[in-house]
$ cat target-v9.cif   # mmCIF, C-alpha atoms, pLDDT in the B column; chains and numbers go by the auth columns
data_structure
#
loop_
_atom_site.group_PDB
_atom_site.id
_atom_site.type_symbol
_atom_site.label_atom_id
_atom_site.label_comp_id
_atom_site.label_asym_id
_atom_site.label_seq_id
_atom_site.Cartn_x
_atom_site.Cartn_y
_atom_site.Cartn_z
_atom_site.B_iso_or_equiv
_atom_site.auth_seq_id
_atom_site.auth_asym_id
ATOM 1 C CA MET A 1 85.610 99.361 83.641 54.00 54 A
ATOM 2 C CA LYS A 2 85.722 95.728 82.617 67.00 55 A
ATOM 3 C CA GLU A 3 88.653 94.851 84.863 75.00 56 A
ATOM 4 C CA PHE A 4 90.107 96.630 87.839 79.00 57 A
ATOM 5 C CA PRO A 5 93.296 98.209 86.490 85.00 58 A
ATOM 6 C CA ILE A 6 96.616 97.306 88.035 90.00 59 A
ATOM 7 C CA LEU A 7 99.052 100.208 87.847 93.00 60 A
ATOM 8 C CA GLU A 8 102.758 100.019 88.556 91.00 61 A
ATOM 9 C CA LYS A 9 105.907 102.068 88.523 90.00 62 A
ATOM 10 C CA ASN A 10 109.332 101.506 90.031 91.00 63 A
ATOM 11 C CA ASP A 11 108.930 99.526 93.279 92.00 64 A
ATOM 12 C CA ILE A 12 105.161 99.743 93.770 96.00 65 A
ATOM 13 C CA VAL A 13 101.908 98.435 92.369 96.00 66 A
ATOM 14 C CA LEU A 14 98.449 99.927 92.798 96.00 67 A
ATOM 15 C CA ARG A 15 95.926 97.100 92.923 92.00 68 A
ATOM 16 C CA LYS A 16 92.507 96.324 94.283 88.00 69 A
ATOM 17 C CA LEU A 17 91.908 95.569 97.924 85.00 70 A
ATOM 18 C CA GLU A 18 91.541 91.868 98.735 87.00 71 A
ATOM 19 C CA LEU A 19 90.423 89.919 101.802 83.00 72 A
ATOM 20 C CA PHE A 20 93.922 88.395 102.129 87.00 73 A
ATOM 21 C CA ASP A 21 95.156 91.929 102.951 87.00 74 A
ATOM 22 C CA PHE A 22 93.545 91.773 106.408 83.00 75 A
ATOM 23 C CA ASP A 23 96.683 91.635 108.606 85.00 76 A
ATOM 24 C CA SER A 24 98.326 94.550 106.812 83.00 77 A
ATOM 25 C CA TYR A 25 95.009 96.428 106.631 81.00 78 A
ATOM 26 C CA PHE A 26 94.515 95.993 110.385 81.00 79 A
ATOM 27 C CA ASP A 27 98.044 97.285 111.039 77.00 80 A
ATOM 28 C CA TYR A 28 97.243 100.253 108.773 77.00 81 A
ATOM 29 C CA VAL A 29 93.900 101.262 110.315 76.00 82 A
ATOM 30 C CA THR A 30 95.159 100.882 113.887 76.00 83 A
ATOM 31 C CA ASP A 31 98.316 102.932 113.303 73.00 84 A
ATOM 32 C CA GLU A 32 97.935 106.022 115.502 71.00 85 A
ATOM 33 C CA THR A 33 98.983 108.480 112.789 70.00 86 A
ATOM 34 C CA ILE A 34 96.654 106.970 110.176 67.00 87 A
ATOM 35 C CA SER A 35 93.718 106.534 112.538 61.00 88 A
ATOM 36 C CA LYS A 36 94.054 110.150 113.710 62.00 89 A
ATOM 37 C CA GLN A 37 94.059 111.520 110.148 61.00 90 A
ATOM 38 C CA PHE A 38 91.110 109.440 108.950 60.00 91 A
ATOM 39 C CA ASN A 39 89.123 109.101 112.188 56.00 92 A
ATOM 40 C CA PHE A 40 89.524 105.317 112.287 61.00 93 A
ATOM 41 C CA ASN A 41 88.705 103.621 115.580 60.00 94 A
ATOM 42 C CA TYR A 42 88.774 99.906 114.810 65.00 95 A
ATOM 43 C CA ASN A 43 89.217 96.767 116.809 68.00 96 A
ATOM 44 C CA GLN A 44 89.907 93.513 114.961 73.00 97 A
ATOM 45 C CA GLU A 45 86.241 92.669 114.364 78.00 98 A
ATOM 46 C CA LEU A 46 85.334 96.148 113.135 76.00 99 A
ATOM 47 C CA ALA A 47 88.374 96.186 110.856 71.00 100 A
ATOM 48 C CA LYS A 48 87.425 92.801 109.399 77.00 101 A
ATOM 49 C CA ASN A 49 83.866 93.971 108.765 76.00 102 A
ATOM 50 C CA ARG A 50 85.095 97.214 107.185 73.00 103 A
ATOM 51 C CA LEU A 51 87.547 95.372 104.943 73.00 104 A
ATOM 52 C CA GLU A 52 84.789 93.017 103.759 79.00 105 A
ATOM 53 C CA GLU A 53 82.530 96.009 103.097 79.00 106 A
ATOM 54 C CA LEU A 54 85.231 97.829 101.106 74.00 107 A
ATOM 55 C CA VAL A 55 86.080 94.765 99.053 76.00 108 A
ATOM 56 C CA GLU A 56 82.411 94.241 98.265 76.00 109 A
ATOM 57 C CA LYS A 57 81.629 97.888 97.550 72.00 110 A
ATOM 58 C CA TYR A 58 84.642 99.001 95.554 64.00 111 A
ATOM 59 C CA THR A 59 86.028 95.927 93.879 58.00 112 A
ATOM 60 C CA LYS A 60 83.006 93.806 93.000 61.00 113 A
ATOM 61 C CA ASP A 61 82.106 96.042 90.049 60.00 114 A
ATOM 62 C CA ASN A 62 85.749 96.947 89.349 56.00 115 A
ATOM 63 C CA LYS A 63 85.232 100.552 90.403 60.00 116 A
ATOM 64 C CA PRO A 64 88.723 101.990 90.800 60.00 117 A
ATOM 65 C CA TYR A 65 88.112 104.277 93.768 79.00 118 A
ATOM 66 C CA ILE A 66 90.183 102.550 96.423 84.00 119 A
ATOM 67 C CA TRP A 67 93.612 101.096 95.793 91.00 120 A
ATOM 68 C CA VAL A 68 96.168 99.171 97.773 93.00 121 A
ATOM 69 C CA ILE A 69 99.715 100.421 97.486 96.00 122 A
ATOM 70 C CA ALA A 70 101.795 97.232 97.392 97.00 123 A
ATOM 71 C CA LEU A 71 105.442 96.418 96.980 96.00 124 A
ATOM 72 C CA LYS A 72 106.034 95.043 93.497 95.00 125 A
ATOM 73 C CA SER A 73 108.501 92.435 94.776 95.00 126 A
ATOM 74 C CA THR A 74 106.210 90.861 97.411 94.00 127 A
ATOM 75 C CA ASN A 75 102.696 92.215 96.708 93.00 128 A
ATOM 76 C CA GLU A 76 102.602 93.269 100.393 93.00 129 A
ATOM 77 C CA PHE A 77 100.066 95.947 101.345 93.00 130 A
ATOM 78 C CA ILE A 78 102.068 98.989 102.458 95.00 131 A
ATOM 79 C CA GLY A 79 99.332 101.622 102.289 94.00 132 A
ATOM 80 C CA MET A 80 96.233 102.865 100.551 92.00 133 A
ATOM 81 C CA ILE A 81 95.305 105.602 98.140 94.00 134 A
ATOM 82 C CA THR A 82 91.707 106.496 97.385 87.00 135 A
ATOM 83 C CA VAL A 83 89.824 108.644 94.973 89.00 136 A
ATOM 84 C CA ASP A 84 88.129 110.375 97.856 79.00 137 A
ATOM 85 C CA THR A 85 85.624 112.617 96.096 81.00 138 A
ATOM 86 C CA VAL A 86 84.497 112.637 92.479 84.00 139 A
ATOM 87 C CA SER A 87 82.255 115.130 90.700 86.00 140 A
ATOM 88 C CA PHE A 88 81.676 114.111 87.097 88.00 141 A
ATOM 89 C CA THR A 89 79.488 117.197 86.649 93.00 142 A
ATOM 90 C CA ASN A 90 82.306 119.542 87.657 94.00 143 A
ATOM 91 C CA LYS A 91 85.059 117.222 86.366 94.00 144 A
ATOM 92 C CA ARG A 92 87.029 117.196 89.598 93.00 145 A
ATOM 93 C CA PHE A 93 88.335 114.618 92.025 92.00 146 A
ATOM 94 C CA SER A 94 90.368 114.418 95.199 92.00 147 A
ATOM 95 C CA LEU A 95 92.778 111.894 96.661 93.00 148 A
ATOM 96 C CA ALA A 96 93.609 110.625 100.124 89.00 149 A
ATOM 97 C CA TYR A 97 96.546 108.380 100.955 92.00 150 A
ATOM 98 C CA GLY A 98 98.366 106.784 103.844 90.00 151 A
ATOM 99 C CA ILE A 99 101.405 104.566 104.273 93.00 152 A
ATOM 100 C CA ARG A 100 102.015 101.996 107.021 90.00 153 A
ATOM 101 C CA LYS A 101 104.540 103.238 109.559 90.00 154 A
ATOM 102 C CA LYS A 102 107.385 100.865 108.713 92.00 155 A
ATOM 103 C CA TYR A 103 107.271 101.942 105.046 94.00 156 A
ATOM 104 C CA ARG A 104 107.211 105.714 105.519 91.00 157 A
ATOM 105 C CA GLY A 105 110.077 107.817 104.261 93.00 158 A
ATOM 106 C CA ASN A 106 110.487 105.864 101.018 94.00 159 A
ATOM 107 C CA ASN A 107 108.538 108.214 98.721 94.00 160 A
ATOM 108 C CA TYR A 108 105.750 105.633 98.280 96.00 161 A
ATOM 109 C CA ALA A 109 102.850 108.065 98.877 95.00 162 A
ATOM 110 C CA TYR A 110 104.278 110.484 96.330 95.00 163 A
ATOM 111 C CA LEU A 111 104.882 107.757 93.761 95.00 164 A
ATOM 112 C CA ALA A 112 101.401 106.263 94.260 96.00 165 A
ATOM 113 C CA SER A 113 99.901 109.732 93.853 96.00 166 A
ATOM 114 C CA VAL A 114 101.796 110.342 90.616 95.00 167 A
ATOM 115 C CA ILE A 115 100.675 106.979 89.202 94.00 168 A
ATOM 116 C CA LEU A 116 97.012 107.491 90.107 94.00 169 A
ATOM 117 C CA ILE A 117 96.785 111.155 89.107 95.00 170 A
ATOM 118 C CA ASP A 118 98.284 110.364 85.738 94.00 171 A
ATOM 119 C CA PHE A 119 95.926 107.410 85.239 93.00 172 A
ATOM 120 C CA ILE A 120 92.858 109.494 86.079 93.00 173 A
ATOM 121 C CA PHE A 121 93.770 112.498 83.960 95.00 174 A
ATOM 122 C CA LYS A 122 94.566 110.259 80.981 93.00 175 A
ATOM 123 C CA ASN A 123 91.561 107.909 81.263 91.00 176 A
ATOM 124 C CA PHE A 124 88.692 109.976 82.642 91.00 177 A
ATOM 125 C CA ASP A 125 87.178 113.297 81.670 93.00 178 A
ATOM 126 C CA MET A 126 88.518 115.177 84.684 95.00 179 A
ATOM 127 C CA HIS A 127 89.695 118.788 84.752 97.00 180 A
ATOM 128 C CA ARG A 128 90.798 119.403 88.345 97.00 181 A
ATOM 129 C CA LEU A 129 92.395 117.544 91.233 96.00 182 A
ATOM 130 C CA GLU A 130 91.826 118.922 94.717 96.00 183 A
ATOM 131 C CA LEU A 131 94.191 117.991 97.529 96.00 184 A
ATOM 132 C CA ALA A 132 94.001 118.891 101.206 94.00 185 A
ATOM 133 C CA HIS A 133 95.805 118.138 104.449 92.00 186 A
ATOM 134 C CA ASN A 134 95.349 119.256 107.999 89.00 187 A
ATOM 135 C CA VAL A 135 97.714 122.057 108.903 93.00 188 A
ATOM 136 C CA ASP A 136 99.646 119.801 111.296 89.00 189 A
ATOM 137 C CA ASN A 137 100.454 117.187 108.635 89.00 190 A
ATOM 138 C CA ILE A 138 103.769 118.479 107.293 93.00 191 A
ATOM 139 C CA ALA A 139 104.641 115.171 105.564 92.00 192 A
ATOM 140 C CA SER A 140 101.492 115.371 103.444 93.00 193 A
ATOM 141 C CA GLN A 141 102.165 119.034 102.692 96.00 194 A
ATOM 142 C CA LYS A 142 105.601 118.106 101.299 96.00 195 A
ATOM 143 C CA ILE A 143 104.076 115.398 99.076 96.00 196 A
ATOM 144 C CA ILE A 144 101.396 117.746 97.753 96.00 197 A
ATOM 145 C CA GLU A 145 103.929 120.484 97.025 95.00 198 A
ATOM 146 C CA LYS A 146 106.236 117.980 95.300 94.00 199 A
ATOM 147 C CA LEU A 147 103.296 116.982 93.092 95.00 200 A
ATOM 148 C CA GLY A 148 103.249 120.569 91.841 94.00 201 A
ATOM 149 C CA ALA A 149 99.912 121.510 93.376 95.00 202 A
ATOM 150 C CA ARG A 150 99.029 125.173 93.764 96.00 203 A
ATOM 151 C CA PHE A 151 98.121 126.382 97.259 97.00 204 A
ATOM 152 C CA GLU A 152 94.653 127.957 97.296 97.00 205 A
ATOM 153 C CA GLY A 153 94.030 128.742 100.931 97.00 206 A
ATOM 154 C CA VAL A 154 92.988 127.413 104.300 97.00 207 A
ATOM 155 C CA ALA A 155 89.574 125.913 104.970 95.00 208 A
ATOM 156 C CA ARG A 156 89.042 126.830 108.606 96.00 209 A
ATOM 157 C CA GLU A 157 87.860 124.068 110.945 95.00 210 A
ATOM 158 C CA SER A 158 86.748 122.015 107.947 91.00 211 A
ATOM 159 C CA LYS A 159 87.645 118.502 109.106 84.00 212 A
ATOM 160 C CA LEU A 160 86.848 116.716 112.341 81.00 213 A
ATOM 161 C CA TYR A 161 89.866 114.828 113.738 77.00 214 A
ATOM 162 C CA ASN A 162 89.401 112.991 117.019 73.00 215 A
ATOM 163 C CA ASN A 163 86.455 115.212 117.935 80.00 216 A
ATOM 164 C CA VAL A 164 88.419 118.419 117.252 84.00 217 A
ATOM 165 C CA PHE A 165 87.816 120.567 114.195 91.00 218 A
ATOM 166 C CA LYS A 166 91.050 121.268 112.323 89.00 219 A
ATOM 167 C CA ASP A 167 92.014 123.731 109.631 95.00 220 A
ATOM 168 C CA ARG A 168 93.038 122.217 106.300 94.00 221 A
ATOM 169 C CA LYS A 169 95.265 123.624 103.590 97.00 222 A
ATOM 170 C CA ILE A 170 93.699 123.321 100.135 97.00 223 A
ATOM 171 C CA TYR A 171 95.604 122.831 96.864 97.00 224 A
ATOM 172 C CA SER A 172 94.750 122.033 93.256 97.00 225 A
ATOM 173 C CA ILE A 173 96.264 120.737 90.049 97.00 226 A
ATOM 174 C CA LEU A 174 94.549 121.325 86.715 97.00 227 A
ATOM 175 C CA LYS A 175 94.755 118.668 84.025 96.00 228 A
ATOM 176 C CA GLN A 176 96.592 121.022 81.659 95.00 229 A
ATOM 177 C CA GLU A 177 99.200 121.783 84.342 94.00 230 A
ATOM 178 C CA TRP A 178 99.683 118.083 85.037 95.00 231 A
ATOM 179 C CA MET A 179 100.052 117.191 81.378 93.00 232 A
ATOM 180 C CA GLU A 180 102.567 119.990 80.817 90.00 233 A
ATOM 181 C CA ASN A 181 104.658 119.347 83.910 86.00 234 A
ATOM 182 C CA LYS A 182 104.371 116.024 85.723 72.00 235 A
ATOM 183 C CA ALA A 183 103.078 113.651 83.055 59.00 236 A
ATOM 184 C CA ASN A 184 106.410 113.896 81.250 58.00 237 A
ATOM 185 C CA GLU A 185 108.219 112.533 84.313 64.00 238 A
ATOM 186 C CA LEU A 186 106.522 109.188 83.953 57.00 239 A
#

$ encode --input "target-v9.cif" --output "structure tokens"
Amino acid sequence: MKEFPILEKNDIVLRKLELFDFDSYFDYVTDETISKQFNFNYNQELAKNRLEELVEKYTKDNKPYIWVIALKSTNEFIGMITVDTVSFTNKRFSLAYGIRKKYRGNNYAYLASVILIDFIFKNFDMHRLELAHNVDNIASQKIIEKLGARFEGVARESKLYNNVFKDRKIYSILKQEWMENKANEL
């Protein structure tokens, strides 16, 4: 892509990660709920180094794999959504998302997911979205179900969280299903 796309809908904007996001990023990666889900264990120096690495790796060449979820009114970083896994051979991708604690409960993760899923299905040759959450993460389960994903099963002890293997529920959305159902809501 020539330029990193900026996507927006309602109250939020999906944009690239920037170095000026550090304070919000640090709050995000040190949040107990977020750090537990993604196995983050950062102090301020490690978080700064990781932010610099992410900015360099994912935004230098305008590769839209990692996005900041920001409030449209202030541009404040309220969370992140990433294209977690991509297989161009098998035409599938997966997403991961998280919202800073003080912004939870406002439907931002769902809205960011809708924006990004729609963008990917309409702009890339993808056939399937795979979504997963650990069985204890009921909030993520509700988001995934609201997206219209189909439950496929449980991957037993498939993700390491804080040195404990956890089961994950697996879901999918096919491009045709998305285009027939959710794309019209945008």

$ resolve_selection --input "target-v9.cif" --expression "the PyMOL selection byres ((chain A and resi 221) around 12)" --output "list of chain:residue names"
A:Gln90, A:Leu184, A:Ala185, A:His186, A:Asn187, A:Val188, A:Asp189, A:Asn190, A:Ile191, A:Ser193, A:Gln194, A:Phe204, A:Glu205, A:Gly206, A:Val207, A:Ala208, A:Arg209, A:Glu210, A:Ser211, A:Lys212, A:Leu213, A:Tyr214, A:Phe218, A:Lys219, A:Asp220, A:Lys222, A:Ile223, A:Tyr224

$ closest_atom_pairs --input "target-v9.cif" --of "segment 125-190 of chain A" --to "segment 58-62 of chain A" --cutoff "10 Å" --atoms "all atoms listed in the file" --output "Markdown table"
| residue | atom | partner | partner_atom | distance |
| --- | --- | --- | --- | --- |
| A:Lys125 | CA | A:Glu61 | CA | 7.7 |
| A:Leu164 | CA | A:Lys62 | CA | 7.8 |
| A:Ala165 | CA | A:Lys62 | CA | 8.4 |
| A:Val167 | CA | A:Lys62 | CA | 9.5 |
| A:Ile168 | CA | A:Leu60 | CA | 7.1 |
| A:Leu169 | CA | A:Leu60 | CA | 7.9 |
| A:Phe172 | CA | A:Leu60 | CA | 8.3 |

$ resolve_selection --input "target-v9.cif" --expression "the PyMOL selection byres ((chain A and resi 160) around 12)" --output "list in words"
Asn63, Asp64, Ile65, Ile122, Ile131, Gly132, Gly151, Ile152, Tyr156, Arg157, Gly158, Asn159, Tyr161, Ala162, Tyr163, Leu164, Ala165, Ser166, Val167, Ala192, Ser193, Lys195, Ile196, Ile197, Lys199 and Leu200 of chain A

$ atom_distance --input "target-v9.cif" --atom1 "atom CA of Gly201 of chain A" --atom2 "atom CA of Phe146 of chain A"
16.1 Å

$ resolve_selection --input "target-v9.cif" --expression "the PyMOL selection byres ((chain A and resi 225) around 7)" --output "NGL selection string"
:A and (181-184 or 202-204 or 224 or 226-227)

$ atom_distance --input "target-v9.cif" --atom1 "atom CA of Glu106 of chain A" --atom2 "atom CA of Ser147 of chain A"
21.5 Å

$ closest_residue --input "target-v9.cif" --among "A:Leu67, A:Val82, A:Leu72, A:Ala100" --to "Ile170 of chain A" --atoms "only C-alpha atoms"
A:Leu67

$ closest_residue --input "target-v9.cif" --among "A:Phe57, A:Phe75, A:Trp231, A:Phe141" --to "Trp120 of chain A" --atoms "all atoms listed in the file"
A:Phe57

$ atom_distance --input "target-v9.cif" --atom1 "atom CA of Thr142 of chain A" --atom2 "atom CA of Leu70 of chain A"
27.4 Å

$ residues_around --input "target-v9.cif" --residues "Ser77 of chain A" --least-positions-apart "2" --cutoff "8 Å" --atoms "only C-alpha atoms" --output "number ranges by chain"
A: 74-75, 79-81, 129-131

$ axis_aligned_box --input "target-v9.cif" --around "segment 172-177 of chain A" --padding-each-side "8 Å" --output "JSON"
{"center_x": 92.3, "center_y": 110.0, "center_z": 83.5, "size_x": 23.2, "size_y": 21.1, "size_z": 21.1}

$ closest_residue --input "target-v9.cif" --among "A:Ser140, A:Glu198, A:Asp76, A:Leu124" --to "Glu98 of chain A" --atoms "all atoms listed in the file"
A:Asp76

$ closest_residue --input "target-v9.cif" --among "A:Tyr118, A:Asp171, A:Asn216, A:Asp137" --to "Lys228 of chain A" --atoms "only C-alpha atoms"
A:Asp171
